[in-house]
$ cat upload24.pdb   # PDB, C-alpha atoms and all ligand atoms
ATOM      1  CA  MET A  21       0.000   0.000   0.000
ATOM      2  CA  SER A  22       1.444   3.405  -0.925
ATOM      3  CA  ARG A  23       0.869   6.448   1.222
ATOM      4  CA  LEU A  24       1.265  10.162   0.657
ATOM      5  CA  ILE A  25       2.280  10.672   4.278
ATOM      6  CA  SER A  26       4.096   7.939   6.174
ATOM      7  CA  ARG A  27       2.351   7.156   9.416
ATOM      8  CA  GLY A  28       3.631   7.789  12.909
ATOM      9  CA  ALA A  29       4.622   4.983  15.246
ATOM     10  CA  LEU A  30       2.720   3.832  18.313
ATOM     11  CA  ILE A  31       5.333   3.493  21.038
ATOM     12  CA  VAL A  32       4.161   2.291  24.430
ATOM     13  CA  PHE A  33       6.018   2.444  27.735
ATOM     14  CA  GLU A  34       5.208  -0.131  30.366
ATOM     15  CA  GLY A  35       6.618  -1.089  33.731
ATOM     16  CA  CYS A  36       5.727  -1.212  37.389
ATOM     17  CA  ASP A  37       4.900   1.966  39.321
ATOM     18  CA  ARG A  38       7.859   4.388  39.728
ATOM     19  CA  SER A  39       9.990   2.715  37.063
ATOM     20  CA  GLY A  40      10.536   6.081  35.343
ATOM     21  CA  LYS A  41       8.059   5.802  32.475
ATOM     22  CA  SER A  42       6.602   9.305  32.719
ATOM     23  CA  THR A  43      10.037  10.963  32.850
ATOM     24  CA  GLN A  44      11.286   8.959  29.868
ATOM     25  CA  CYS A  45       8.126   9.531  27.808
ATOM     26  CA  LYS A  46       8.423  13.266  28.304
ATOM     27  CA  LYS A  47      12.139  13.349  27.458
ATOM     28  CA  LEU A  48      11.596  11.203  24.381
ATOM     29  CA  VAL A  49       8.853  13.448  22.964
ATOM     30  CA  GLU A  50      11.040  16.530  23.553
ATOM     31  CA  ALA A  51      14.028  14.887  21.852
ATOM     32  CA  LEU A  52      11.986  13.733  18.851
ATOM     33  CA  ASN A  53      10.398  17.164  18.444
ATOM     34  CA  ASN A  54      13.867  18.765  18.624
ATOM     35  CA  ASP A  55      14.934  16.445  15.801
ATOM     36  CA  GLY A  56      11.975  17.662  13.728
ATOM     37  CA  ILE A  57       9.988  14.441  14.176
ATOM     38  CA  LYS A  58       6.274  14.930  14.895
ATOM     39  CA  ALA A  59       5.587  13.244  18.218
ATOM     40  CA  LYS A  60       2.998  13.633  20.948
ATOM     41  CA  LEU A  61       2.840  12.496  24.547
ATOM     42  CA  TRP A  62      -0.170  10.366  25.470
ATOM     43  CA  ARG A  63      -1.032   8.586  28.693
ATOM     44  CA  PHE A  64      -3.423   6.089  30.201
ATOM     45  CA  PRO A  65      -5.381   6.502  32.288
ATOM     46  CA  ASP A  66      -6.313   9.852  30.723
ATOM     47  CA  ARG A  67      -7.695  11.387  33.916
ATOM     48  CA  ASP A  68      -9.236  14.352  32.072
ATOM     49  CA  THR A  69     -12.248  12.617  30.495
ATOM     50  CA  ALA A  70     -15.502  11.829  32.353
ATOM     51  CA  ILE A  71     -14.432   8.169  32.585
ATOM     52  CA  GLY A  72     -10.926   9.234  33.605
ATOM     53  CA  VAL A  73     -12.303  11.284  36.508
ATOM     54  CA  MET A  74     -13.976   8.140  37.907
ATOM     55  CA  ILE A  75     -10.724   6.185  37.480
ATOM     56  CA  SER A  76      -8.714   8.887  39.196
ATOM     57  CA  ARG A  77     -11.067   8.958  42.204
ATOM     58  CA  TYR A  78     -10.743   5.183  42.456
ATOM     59  CA  LEU A  79      -6.927   5.300  42.311
ATOM     60  CA  GLU A  80      -6.826   8.042  44.932
ATOM     61  CA  GLN A  81      -8.922   5.713  47.124
ATOM     62  CA  LYS A  82     -11.785   8.217  47.273
ATOM     63  CA  CYS A  83     -14.295   5.596  46.153
ATOM     64  CA  GLU A  84     -14.673   1.828  45.759
ATOM     65  CA  LEU A  85     -15.598   0.083  42.514
ATOM     66  CA  GLU A  86     -16.175  -3.584  41.787
ATOM     67  CA  ASP A  87     -13.029  -5.143  40.232
ATOM     68  CA  HIS A  88     -14.567  -6.059  36.845
ATOM     69  CA  ALA A  89     -16.253  -2.661  36.628
ATOM     70  CA  ILE A  90     -13.043  -0.663  37.161
ATOM     71  CA  HIS A  91     -11.237  -2.911  34.687
ATOM     72  CA  LEU A  92     -13.828  -2.071  32.045
ATOM     73  CA  LEU A  93     -13.565   1.648  32.834
ATOM     74  CA  PHE A  94      -9.787   1.550  32.240
ATOM     75  CA  THR A  95     -10.451  -0.197  28.925
ATOM     76  CA  ALA A  96     -13.210   2.246  27.967
ATOM     77  CA  ASN A  97     -10.773   5.073  28.686
ATOM     78  CA  ARG A  98      -8.530   3.628  25.940
ATOM     79  CA  TRP A  99     -11.330   2.997  23.431
ATOM     80  CA  GLU A 100     -12.627   6.550  23.802
ATOM     81  CA  ALA A 101      -9.176   7.788  22.719
ATOM     82  CA  VAL A 102      -8.857   5.535  19.652
ATOM     83  CA  PRO A 103     -10.411   7.826  16.987
ATOM     84  CA  ARG A 104      -8.050  10.686  17.906
ATOM     85  CA  MET A 105      -5.043   8.366  18.190
ATOM     86  CA  MET A 106      -5.707   6.896  14.730
ATOM     87  CA  GLU A 107      -6.135  10.372  13.263
ATOM     88  CA  LEU A 108      -2.762  11.470  14.657
ATOM     89  CA  LEU A 109      -0.939   8.275  13.654
ATOM     90  CA  SER A 110      -2.213   8.402  10.099
ATOM     91  CA  SER A 111      -1.320  12.067   9.752
ATOM     92  CA  GLY A 112       2.292  11.158  10.594
ATOM     93  CA  THR A 113       2.492  11.885  14.328
ATOM     94  CA  THR A 114       4.292   9.361  16.514
ATOM     95  CA  LEU A 115       2.485   8.705  19.801
ATOM     96  CA  VAL A 116       4.577   8.058  22.885
ATOM     97  CA  VAL A 117       2.164   6.397  25.289
ATOM     98  CA  ASP A 118       2.678   6.148  29.050
ATOM     99  CA  ARG A 119       0.914   2.795  29.841
ATOM    100  CA  TYR A 120      -1.579   0.907  27.680
ATOM    101  CA  ALA A 121      -3.644  -2.294  27.613
ATOM    102  CA  TYR A 122      -0.763  -4.260  29.174
ATOM    103  CA  SER A 123      -1.121  -2.179  32.355
ATOM    104  CA  GLY A 124      -4.844  -2.849  32.247
ATOM    105  CA  VAL A 125      -4.308  -6.597  32.151
ATOM    106  CA  ALA A 126      -1.265  -6.799  34.447
ATOM    107  CA  PHE A 127      -2.868  -4.753  37.245
ATOM    108  CA  SER A 128      -6.421  -6.140  37.092
ATOM    109  CA  SER A 129      -5.327  -9.763  36.881
ATOM    110  CA  ALA A 130      -3.086  -9.261  39.928
ATOM    111  CA  LYS A 131      -6.366  -9.168  41.884
ATOM    112  CA  GLN A 132      -8.102 -12.272  43.212
ATOM    113  CA  GLY A 133     -10.802 -13.604  40.924
ATOM    114  CA  LEU A 134      -9.914 -11.874  37.648
ATOM    115  CA  ASP A 135      -8.071 -14.070  35.208
ATOM    116  CA  MET A 136      -5.807 -12.830  32.471
ATOM    117  CA  SER A 137      -7.836 -14.111  29.538
ATOM    118  CA  TRP A 138     -10.980 -12.384  30.838
ATOM    119  CA  CYS A 139      -9.036  -9.161  31.350
ATOM    120  CA  LYS A 140      -7.649  -9.252  27.801
ATOM    121  CA  GLN A 141     -11.005  -9.576  26.027
ATOM    122  CA  PRO A 142     -12.206  -5.948  26.086
ATOM    123  CA  GLU A 143      -8.726  -4.787  24.947
ATOM    124  CA  VAL A 144      -8.773  -6.994  21.823
ATOM    125  CA  GLY A 145      -8.666  -4.909  18.646
ATOM    126  CA  LEU A 146      -7.123  -1.741  20.077
ATOM    127  CA  PRO A 147      -4.388  -0.258  17.840
ATOM    128  CA  LYS A 148      -1.379  -2.539  18.244
ATOM    129  CA  PRO A 149       1.803  -0.875  19.481
ATOM    130  CA  ASP A 150       4.789  -0.974  17.126
ATOM    131  CA  ALA A 151       6.939  -1.391  20.197
ATOM    132  CA  VAL A 152       6.545  -1.797  23.939
ATOM    133  CA  LEU A 153       9.473  -0.388  25.899
ATOM    134  CA  PHE A 154       9.389  -2.184  29.207
ATOM    135  CA  LEU A 155      11.304  -0.397  31.953
ATOM    136  CA  GLN A 156      12.628  -3.085  34.260
ATOM    137  CA  LEU A 157      13.159  -2.216  37.908
ATOM    138  CA  THR A 158      12.747  -4.431  40.939
ATOM    139  CA  PRO A 159       9.670  -3.597  43.060
ATOM    140  CA  GLU A 160      12.086  -3.016  45.979
ATOM    141  CA  ALA A 161      14.078  -0.372  44.056
ATOM    142  CA  ALA A 162      10.817   1.244  42.876
ATOM    143  CA  SER A 163       9.449   1.432  46.420
ATOM    144  CA  GLU A 164      12.414   3.607  47.432
ATOM    145  CA  ARG A 165      11.554   6.263  44.836
ATOM    146  CA  ALA A 166       9.645   9.482  45.620
ATOM    147  CA  ASP A 167       5.880   9.456  46.256
ATOM    148  CA  TYR A 168       5.636   5.650  46.285
ATOM    149  CA  GLY A 169       2.667   4.233  48.143
ATOM    150  CA  LYS A 170       0.270   7.153  47.741
ATOM    151  CA  GLU A 171      -2.119   5.483  45.321
ATOM    152  CA  ARG A 172      -3.987   2.204  45.226
ATOM    153  CA  TYR A 173      -1.809  -0.726  43.998
ATOM    154  CA  GLU A 174       1.478   0.847  45.148
ATOM    155  CA  GLN A 175       2.501  -1.978  47.484
ATOM    156  CA  PRO A 176       5.487  -4.280  46.893
ATOM    157  CA  GLU A 177       3.511  -7.597  47.031
ATOM    158  CA  PHE A 178       0.933  -6.334  44.544
ATOM    159  CA  GLN A 179       3.680  -4.973  42.267
ATOM    160  CA  ASP A 180       5.419  -8.393  42.364
ATOM    161  CA  ARG A 181       2.279  -9.987  40.952
ATOM    162  CA  VAL A 182       1.991  -7.195  38.358
ATOM    163  CA  ALA A 183       5.595  -7.861  37.277
ATOM    164  CA  ASP A 184       4.833 -11.597  36.885
ATOM    165  CA  ASN A 185       1.754 -10.791  34.797
ATOM    166  CA  TYR A 186       3.731  -8.476  32.498
ATOM    167  CA  LYS A 187       6.148 -11.351  31.806
ATOM    168  CA  LEU A 188       3.261 -13.460  30.515
ATOM    169  CA  MET A 189       2.419 -10.825  27.886
ATOM    170  CA  THR A 190       5.841 -10.259  26.298
ATOM    171  CA  ASP A 191       6.089 -10.786  22.546
ATOM    172  CA  ASP A 192       8.452  -9.757  19.745
ATOM    173  CA  THR A 193       7.386  -6.088  19.969
ATOM    174  CA  TRP A 194       8.736  -5.842  23.546
ATOM    175  CA  LYS A 195      12.118  -4.320  24.346
ATOM    176  CA  MET A 196      13.267  -4.965  27.888
ATOM    177  CA  ILE A 197      15.255  -1.995  29.218
ATOM    178  CA  ASP A 198      17.193  -1.758  32.482
ATOM    179  CA  ALA A 199      15.563   1.128  34.370
ATOM    180  CA  SER A 200      18.155   1.267  37.147
ATOM    181  CA  GLN A 201      20.417   3.422  34.917
ATOM    182  CA  THR A 202      20.525   7.212  35.326
ATOM    183  CA  ILE A 203      17.794   9.257  33.637
ATOM    184  CA  ASP A 204      20.194  10.383  30.892
ATOM    185  CA  GLU A 205      21.667   6.931  30.260
ATOM    186  CA  LEU A 206      18.187   5.488  30.018
ATOM    187  CA  HIS A 207      17.098   8.282  27.685
ATOM    188  CA  THR A 208      19.983   7.529  25.297
ATOM    189  CA  VAL A 209      18.902   3.896  25.032
ATOM    190  CA  VAL A 210      15.208   4.798  24.702
ATOM    191  CA  ARG A 211      15.846   7.374  21.989
ATOM    192  CA  ALA A 212      17.898   4.962  19.867
ATOM    193  CA  VAL A 213      15.216   2.267  20.115
ATOM    194  CA  ALA A 214      12.448   4.784  19.293
ATOM    195  CA  LEU A 215      14.201   6.090  16.165
ATOM    196  CA  GLU A 216      14.498   2.541  14.827
ATOM    197  CA  VAL A 217      10.840   1.804  15.579
ATOM    198  CA  ILE A 218       9.657   5.021  13.903
ATOM    199  CA  GLU A 219      11.622   4.196  10.740
ATOM    200  CA  LYS A 220      10.321   0.630  10.591
ATOM    201  CA  ALA A 221       6.678   1.601  11.249
ATOM    202  CA  LYS A 222       6.608   3.837   8.154
ATOM    203  CA  GLY A 223       6.262   0.862   5.847
ATOM    204  CA  GLN A 224       3.711  -1.072   7.880
ATOM    205  CA  ASP A 225      -0.008  -0.844   8.577
ATOM    206  CA  ILE A 226      -1.194  -0.437  12.148
ATOM    207  CA  GLY A 227      -2.181  -3.826  13.551
ATOM    208  CA  GLN A 228      -4.887  -4.820  16.018
ATOM    209  CA  LEU A 229      -3.941  -5.903  19.502
ATOM    210  CA  TRP A 230      -4.389  -9.571  20.469
ATOM    211  CA  THR A 231      -6.193 -10.621  17.274
TER     212      THR A 231
HETATM  213  N1  LIG A 301      -3.572   1.123  35.818
HETATM  214  C1  LIG A 301      -3.288   1.814  34.697
HETATM  215  C2  LIG A 301      -4.495   0.070  35.812
HETATM  216  O1  LIG A 301      -4.753  -0.548  36.825
HETATM  217  N2  LIG A 301      -5.114  -0.235  34.633
HETATM  218  C3  LIG A 301      -4.851   0.443  33.464
HETATM  219  O2  LIG A 301      -5.447   0.136  32.425
HETATM  220  C4  LIG A 301      -3.890   1.517  33.497
HETATM  221  C5  LIG A 301      -3.603   2.279  32.258
HETATM  222  O3  LIG A 301      -3.322   2.834  37.351
HETATM  223  N3  LIG A 301      -0.816   2.097  39.357
HETATM  224  C6  LIG A 301      -2.954   1.511  37.087
HETATM  225  C7  LIG A 301      -1.464   1.499  37.087
HETATM  226  C8  LIG A 301      -1.079   2.624  38.039
HETATM  227  C9  LIG A 301      -2.293   3.516  38.072
HETATM  228  O4  LIG A 301      -1.164   5.004  36.561
HETATM  229  C10 LIG A 301      -2.129   4.895  37.506
HETATM  230  P1  LIG A 301      -0.140   6.262  36.557
HETATM  231  O5  LIG A 301       0.750   5.966  35.399
HETATM  232  O6  LIG A 301       0.568   6.246  37.888
HETATM  233  O7  LIG A 301      -1.007   7.493  36.373
HETATM  234 MG    MG A 302       1.317   6.132  39.522
END
$ encode --input "upload24.pdb" --output "structure tokens"
Amino acid sequence: MSRLISRGALIVFEGCDRSGKSTQCKKLVEALNNDGIKAKLWRFPDRDTAIGVMISRYLEQKCELEDHAIHLLFTANRWEAVPRMMELLSSGTTLVVDRYAYSGVAFSSAKQGLDMSWCKQPEVGLPKPDAVLFLQLTPEAASERADYGKERYEQPEFQDRVADNYKLMTDDTWKMIDASQTIDELHTVVRAVALEVIEKAKGQDIGQLWT
């Protein structure tokens, strides 16, 4: 298929809480923009939509929600963003996304009574990332970082189960990156990987997740 404009890449960052994803996403978008590459920062949950406000209240432990129900809200928060994401990708903008469906599945299925295959179902068919940059840091190292423990799920035993669940979802789009490096060292690695992914994505259609 020939295109007038080559599409942007969908680059997702994943990892346990406090692994440095938000910092790296921000630095990557800045670096790409400085290089003249169209790139935009995106994040899930997007706490600014009506659904996102409910999610945010739940995470801040201001309300309780049944486990399946909150899982579906996280998923709905991705689906509501899809039209805009597709528009940007096809107009040539690379999206650097802080968490995606893998977070949805890894966190929800760390709870009692929700299995991974059930958790995956509502995520099936979302735009498939061209690459998942997984920032690897032990839950112990993460727990020593600033602000840890403020939100729901930020406990070492829960994060251990999340880390195990992530491992079950790795495929050939995943790049495992050591997140114990300094911010600048990590950024150098991330930027090199991203440039390769952006180049490769130009010639490929956007796939559908887990189909
Ligand atoms: N989280 C995030 C989920 O449980 N399901 C999801 O689908 C997503 C995207 O929300 N502990 C969890 C992981 C985090 C928390 O994320 C909020 P952040 O990046 O700290 O705002
Ligand atoms: Mg957090």
$ residues_around --input "upload24.pdb" --residues "stretch 108-122 of chain A" --least-positions-apart "4" --cutoff "9 Å" --atoms "all atoms listed in the file" --output "NGL selection string"
:A and (25-35 or 41-42 or 45-46 or 48-49 or 57-65 or 94-95 or 98 or 103-104 or 126-127 or 140 or 143 or 146 or 185-186 or 189 or 218 or 222 or 226 or 229)
$ residues_near_ligand --input "upload24.pdb" --ligand "ligand MG 302 (chain A)" --cutoff "10 Å" --atoms "only C-alpha atoms and all ligand atoms" --output "list in words"
Cys36, Asp37, Arg38, Ser39, Lys41, Ser42, Pro65, Leu79, Glu80, Asp167, Tyr168, Gly169, Lys170, Glu171, Arg172, Tyr173 and Glu174 of chain A
$ resolve_selection --input "upload24.pdb" --expression "the PyMOL selection byres (((chain A and resi 199) around 12) and not hetatm)" --output "ChimeraX atom specification"
/A:33-41,43-44,153-159,161-162,195-198,200-210
$ closest_residue --input "upload24.pdb" --among "A:Glu50, A:Asp66, A:Asp135, A:Asp191" --to "ligand LIG 301 (chain A)" --atoms "all atoms listed in the file"
A:Asp66
$ axis_aligned_box --input "upload24.pdb" --around "ligand LIG 301 (chain A)" --padding-each-side "5 Å" --output "AutoDock Vina command-line options"
--center_x -2.3 --center_y 3.5 --center_z 35.8 --size_x 16.2 --size_y 18.0 --size_z 17.1
$ build_atoms --input "upload24.pdb" --residues "stretch 109-136 of chain A" --atoms "N, CA and C atoms" --output "short mmCIF file (atom, residue, chain, number, x, y, z; two decimals), in the frame of the given file"
data_model
loop_
_atom_site.label_atom_id
_atom_site.label_comp_id
_atom_site.auth_asym_id
_atom_site.auth_seq_id
_atom_site.Cartn_x
_atom_site.Cartn_y
_atom_site.Cartn_z
N LEU A 109 -1.88 9.24 14.23
CA LEU A 109 -0.94 8.28 13.65
C LEU A 109 -0.97 8.37 12.13
N SER A 110 -2.18 8.40 11.56
CA SER A 110 -2.21 8.40 10.10
C SER A 110 -1.78 9.73 9.51
N SER A 111 -1.83 10.80 10.30
CA SER A 111 -1.32 12.07 9.75
C SER A 111 0.18 12.22 10.03
N GLY A 112 0.82 11.16 10.50
CA GLY A 112 2.29 11.16 10.59
C GLY A 112 2.86 11.48 11.97
N THR A 113 1.99 11.58 12.98
CA THR A 113 2.49 11.88 14.33
C THR A 113 2.77 10.59 15.10
N THR A 114 3.95 10.50 15.66
CA THR A 114 4.29 9.36 16.51
C THR A 114 3.68 9.60 17.89
N LEU A 115 3.04 8.59 18.45
CA LEU A 115 2.48 8.70 19.80
C LEU A 115 3.36 7.94 20.79
N VAL A 116 3.78 8.66 21.81
CA VAL A 116 4.58 8.06 22.88
C VAL A 116 3.62 7.90 24.06
N VAL A 117 3.27 6.66 24.37
CA VAL A 117 2.16 6.40 25.29
C VAL A 117 2.66 5.82 26.62
N ASP A 118 2.31 6.53 27.69
CA ASP A 118 2.68 6.15 29.05
C ASP A 118 1.59 5.19 29.56
N ARG A 119 1.83 3.89 29.47
CA ARG A 119 0.91 2.80 29.84
C ARG A 119 -0.17 2.57 28.78
N TYR A 120 -0.56 1.27 28.68
CA TYR A 120 -1.58 0.91 27.68
C TYR A 120 -2.32 -0.33 28.17
N ALA A 121 -2.84 -1.12 27.24
CA ALA A 121 -3.64 -2.29 27.61
C ALA A 121 -2.89 -3.28 28.51
N TYR A 122 -1.56 -3.32 28.37
CA TYR A 122 -0.76 -4.26 29.17
C TYR A 122 -0.87 -3.90 30.65
N SER A 123 -0.89 -2.60 30.97
CA SER A 123 -1.12 -2.18 32.35
C SER A 123 -2.49 -2.65 32.80
N GLY A 124 -3.48 -2.45 31.92
CA GLY A 124 -4.84 -2.85 32.25
C GLY A 124 -4.89 -4.30 32.68
N VAL A 125 -4.26 -5.16 31.88
CA VAL A 125 -4.31 -6.60 32.15
C VAL A 125 -3.41 -6.97 33.34
N ALA A 126 -2.21 -6.42 33.38
CA ALA A 126 -1.26 -6.80 34.45
C ALA A 126 -1.80 -6.40 35.83
N PHE A 127 -2.39 -5.21 35.93
CA PHE A 127 -2.87 -4.75 37.24
C PHE A 127 -4.16 -5.46 37.64
N SER A 128 -5.14 -5.51 36.72
CA SER A 128 -6.42 -6.14 37.09
C SER A 128 -6.25 -7.61 37.42
N SER A 129 -5.42 -8.32 36.63
CA SER A 129 -5.33 -9.76 36.88
C SER A 129 -4.40 -10.08 38.05
N ALA A 130 -3.82 -9.05 38.67
CA ALA A 130 -3.09 -9.26 39.93
C ALA A 130 -4.06 -9.35 41.10
N LYS A 131 -5.35 -9.05 40.82
CA LYS A 131 -6.37 -9.17 41.88
C LYS A 131 -6.90 -10.58 41.92
N GLN A 132 -7.44 -10.97 43.07
CA GLN A 132 -8.10 -12.27 43.21
C GLN A 132 -9.34 -12.31 42.32
N GLY A 133 -9.53 -13.40 41.61
CA GLY A 133 -10.80 -13.60 40.92
C GLY A 133 -10.91 -13.04 39.51
N LEU A 134 -9.88 -12.35 39.04
CA LEU A 134 -9.91 -11.87 37.65
C LEU A 134 -8.80 -12.59 36.90
N ASP A 135 -9.17 -13.40 35.89
CA ASP A 135 -8.07 -14.07 35.21
C ASP A 135 -7.64 -13.30 33.97
N MET A 136 -6.43 -13.62 33.53
CA MET A 136 -5.81 -12.83 32.47
C MET A 136 -6.60 -12.87 31.17
#
